[in-house]
Amino acid sequence: MEHIIIRPATEADAEEMLALYAPYVLHTTVTSEYAPPTLEEFRERIRSYMAKTPWLCCVIDGQIAGYGYASPHRKRAGYQWSCETSIYTRMGFHRRGIASALYQSLFDILTYQGYYSIYVGITSPNPRSMAFHMAMGFSRMGAYHRSMYKFGKWRDVIWMGKSLRHHVGTPEPITPYPQIQDDAYCAQVLQERVKLIHEPQSVQVSHG
């Protein structure tokens with residue numbers, strides 16, 4: 001049986017996560033980057049985002065099989081209760097519930113911090129990602145038409161959003177992630193959500 005955990009990322013994970021991320025940059029339109037960031041640039045992203053929001057790793061038998069993080073949606077004060085999320089799964093580890101487990105972990109922790117809304121940008125066309133996000137409770141909010149150019153083509157970016165709580169009353173200040181990272185609640189969330197991840201499905205071979 002595999003040993004599976006979800007835990008907060010550290011800067012020591014940067015090299016392995018960058019190797020996981022690089023194929024998405026080089027071979028897909030999932031990200032708008034043309035070239036993978038340097039290792040130090042990637043470490044800086046971890047430091048910068050985790051000063052406010054969670055960055056989580058799914059580790060299977062000692063190998064990072066996926067990671068997910070939240071980042072500020074906008075910098076100005078009025079947007080401080082909204083964030084954006086990104087999830088990346090290692091090639092060969094898809095369809096095992098890793099992305100769902102990471103997302104559910106982020107939802108729980110971000111709600112605990114005091115966030116109200118999550119947004120995600122999806123380069124079109126990507127019906128699989130759209131369907132996945134709808135299953136996770138996101139709805140389509142709009143599109144930035146022909147806003148991204150990659151691999152010789154202009155592409156739309158579809159924006160989807162999810163509410164974490166009712167938008168009523170005056171919101172309390174956001175609690176930065178480092179202040180709650182070691183809370184018993186966050187540890188319980190990660191232990192519970194890891195149960196969403198399942199073993200690889202065996203391939204049925206027909207002999208008929």
# chains A, B, ... in the order shown; residues from 1 in each chain; ligands from 1

call {"tool": "closest_atom_pairs", "arguments": {"of": "range 98-202 of chain A", "to": "range 56-67 of chain A", "cutoff": "12 Å", "atoms": "only C-alpha atoms", "output": "JSON lines"}}
result
{"residue": "A:Ile98", "atom": "CA", "partner": "A:Gly66", "partner_atom": "CA", "distance": 6.7}
{"residue": "A:Ala99", "atom": "CA", "partner": "A:Gly66", "partner_atom": "CA", "distance": 7.3}
{"residue": "A:Ser100", "atom": "CA", "partner": "A:Gly66", "partner_atom": "CA", "distance": 10.7}
{"residue": "A:Ala101", "atom": "CA", "partner": "A:Cys58", "partner_atom": "CA", "distance": 8.6}
{"residue": "A:Leu102", "atom": "CA", "partner": "A:Tyr67", "partner_atom": "CA", "distance": 7.1}
{"residue": "A:Tyr103", "atom": "CA", "partner": "A:Leu56", "partner_atom": "CA", "distance": 9.6}
{"residue": "A:Gln104", "atom": "CA", "partner": "A:Leu56", "partner_atom": "CA", "distance": 11.2}
{"residue": "A:Ser105", "atom": "CA", "partner": "A:Leu56", "partner_atom": "CA", "distance": 8.4}
{"residue": "A:Leu106", "atom": "CA", "partner": "A:Leu56", "partner_atom": "CA", "distance": 8.0}
{"residue": "A:Phe107", "atom": "CA", "partner": "A:Leu56", "partner_atom": "CA", "distance": 11.8}
{"residue": "A:Ile109", "atom": "CA", "partner": "A:Leu56", "partner_atom": "CA", "distance": 10.6}
{"residue": "A:Tyr177", "atom": "CA", "partner": "A:Leu56", "partner_atom": "CA", "distance": 11.5}
{"residue": "A:Gln181", "atom": "CA", "partner": "A:Leu56", "partner_atom": "CA", "distance": 10.7}
{"residue": "A:Cys186", "atom": "CA", "partner": "A:Leu56", "partner_atom": "CA", "distance": 11.3}
{"residue": "A:Ala187", "atom": "CA", "partner": "A:Leu56", "partner_atom": "CA", "distance": 11.9}
{"residue": "A:Val189", "atom": "CA", "partner": "A:Leu56", "partner_atom": "CA", "distance": 11.8}
{"residue": "A:Leu190", "atom": "CA", "partner": "A:Leu56", "partner_atom": "CA", "distance": 9.3}
{"residue": "A:Gln191", "atom": "CA", "partner": "A:Cys58", "partner_atom": "CA", "distance": 11.3}
{"residue": "A:Arg193", "atom": "CA", "partner": "A:Cys58", "partner_atom": "CA", "distance": 10.5}
{"residue": "A:Val194", "atom": "CA", "partner": "A:Cys58", "partner_atom": "CA", "distance": 8.3}
{"residue": "A:Lys195", "atom": "CA", "partner": "A:Cys58", "partner_atom": "CA", "distance": 11.7}
{"residue": "A:Leu196", "atom": "CA", "partner": "A:Cys58", "partner_atom": "CA", "distance": 11.5}
{"residue": "A:Ile197", "atom": "CA", "partner": "A:Cys58", "partner_atom": "CA", "distance": 9.5}
{"residue": "A:His198", "atom": "CA", "partner": "A:Ile60", "partner_atom": "CA", "distance": 10.9}
{"residue": "A:Glu199", "atom": "CA", "partner": "A:Ile60", "partner_atom": "CA", "distance": 10.3}
{"residue": "A:Pro200", "atom": "CA", "partner": "A:Ile60", "partner_atom": "CA", "distance": 11.7}

call {"tool": "residues_around", "arguments": {"residues": "Ser147 in chain A", "least_positions_apart": "4", "cutoff": "7 Å", "atoms": "only C-alpha atoms", "output": "VMD selection string"}}
result
chain A and resid 154 to 157

call {"tool": "write_last_selection", "arguments": {"atoms": "N, CA and C atoms", "output": "PDB file, in the first residue's frame"}}
result
ATOM      1  N   TRP A 154      -3.675  32.999 -30.780  1.00  0.00           N
ATOM      2  CA  TRP A 154      -4.349  33.771 -29.742  1.00  0.00           C
ATOM      3  C   TRP A 154      -5.396  32.896 -29.064  1.00  0.00           C
ATOM      4  N   ARG A 155      -5.477  32.993 -27.743  1.00  0.00           N
ATOM      5  CA  ARG A 155      -6.348  32.109 -26.990  1.00  0.00           C
ATOM      6  C   ARG A 155      -7.176  32.887 -25.963  1.00  0.00           C
ATOM      7  N   ASP A 156      -8.410  32.432 -25.772  1.00  0.00           N
ATOM      8  CA  ASP A 156      -9.265  32.987 -24.727  1.00  0.00           C
ATOM      9  C   ASP A 156      -8.869  32.379 -23.380  1.00  0.00           C
ATOM     10  N   VAL A 157      -9.067  33.140 -22.325  1.00  0.00           N
ATOM     11  CA  VAL A 157      -8.909  32.622 -20.965  1.00  0.00           C
ATOM     12  C   VAL A 157     -10.268  32.720 -20.281  1.00  0.00           C
TER      13      VAL A 157
END

call {"tool": "select_by_dssp", "arguments": {"residues": "range 18-122 of chain A", "states": "helix (DSSP H, G or I)", "output": "short mmCIF file (atom, residue, chain, number, x, y, z; two decimals) with C-alpha atoms, in the first residue's frame"}}
result
data_model
loop_
_atom_site.label_atom_id
_atom_site.label_comp_id
_atom_site.auth_asym_id
_atom_site.auth_seq_id
_atom_site.Cartn_x
_atom_site.Cartn_y
_atom_site.Cartn_z
CA LEU A 18 9.69 22.88 -10.64
CA ALA A 19 10.50 19.64 -12.47
CA LEU A 20 6.82 18.70 -12.19
CA TYR A 21 5.72 22.12 -13.47
CA ALA A 22 8.18 22.52 -16.36
CA PRO A 23 6.39 20.15 -18.80
CA TYR A 24 3.20 22.19 -18.42
CA VAL A 25 5.14 25.29 -19.46
CA LEU A 26 6.95 23.68 -22.38
CA HIS A 27 4.20 21.51 -23.84
CA LEU A 39 14.93 27.58 -9.31
CA GLU A 40 15.43 30.78 -7.34
CA GLU A 41 12.41 32.39 -9.00
CA PHE A 42 10.35 29.36 -8.05
CA ARG A 43 11.59 29.49 -4.47
CA GLU A 44 10.62 33.16 -4.34
CA ARG A 45 7.08 32.29 -5.45
CA ILE A 46 6.80 29.84 -2.58
CA ARG A 47 8.09 32.41 -0.08
CA SER A 48 5.88 35.17 -1.43
CA TYR A 49 2.62 33.24 -1.64
CA MET A 50 3.03 31.36 1.64
CA ALA A 77 -7.22 46.49 -0.40
CA GLY A 78 -10.78 45.88 -1.56
CA TYR A 79 -9.78 42.54 -3.14
CA ILE A 98 -5.00 14.20 -6.21
CA ALA A 99 -6.27 17.47 -7.66
CA SER A 100 -9.61 17.06 -5.87
CA ALA A 101 -7.89 16.37 -2.55
CA LEU A 102 -5.61 19.38 -2.93
CA TYR A 103 -8.53 21.63 -3.90
CA GLN A 104 -10.70 20.49 -0.99
CA SER A 105 -7.78 21.10 1.37
CA LEU A 106 -7.32 24.60 -0.02
CA PHE A 107 -11.06 25.34 0.23
CA ASP A 108 -11.13 24.36 3.90
CA ILE A 109 -7.98 26.25 4.87
CA LEU A 110 -8.82 29.38 2.87
CA THR A 111 -12.28 29.50 4.47
CA TYR A 112 -10.64 29.12 7.89
CA GLN A 113 -8.38 32.07 7.07
#

call {"tool": "select_by_dssp", "arguments": {"residues": "range 1-207 of chain A", "states": "strand (DSSP E)", "output": "JSON, numbers by chain"}}
result
{"A": [4, 5, 6, 7, 8, 55, 56, 57, 58, 59, 60, 63, 64, 65, 66, 67, 68, 69, 70, 71, 72, 82, 83, 84, 85, 86, 87, 88, 89, 117, 118, 119, 120, 121, 122, 123, 139, 140, 141, 142, 143, 144, 145, 146, 147, 148, 149, 150, 153, 154, 155, 156, 157, 158, 159, 160, 161, 162, 163]}

call {"tool": "closest_residue", "arguments": {"among": "A:Arg96, A:Pro178, A:Gly114, A:Val168", "to": "Ala9 in chain A", "atoms": "only C-alpha atoms"}}
result
A:Pro178

call {"tool": "residues_around", "arguments": {"residues": "Trp81 in chain A", "least_positions_apart": "5", "cutoff": "9 Å", "atoms": "only C-alpha atoms", "output": "PyMOL selection string"}}
result
chain A and resi 72-73+114-118+171+173-174

call {"tool": "closest_residue", "arguments": {"among": "A:Gly169, A:Pro54, A:Ile87, A:Ala14", "to": "Thr38 in chain A", "atoms": "only C-alpha atoms"}}
result
A:Ala14

call {"tool": "residues_around", "arguments": {"residues": "range 128-143 of chain A", "least_positions_apart": "2", "cutoff": "7 Å", "atoms": "only C-alpha atoms", "output": "MDAnalysis selection string"}}
result
chainID A and resid 126 145 156:162

call {"tool": "atom_distance", "arguments": {"atom1": "CA of His167 in chain A", "atom2": "CA of Thr123 in chain A"}}
result
27.9 Å
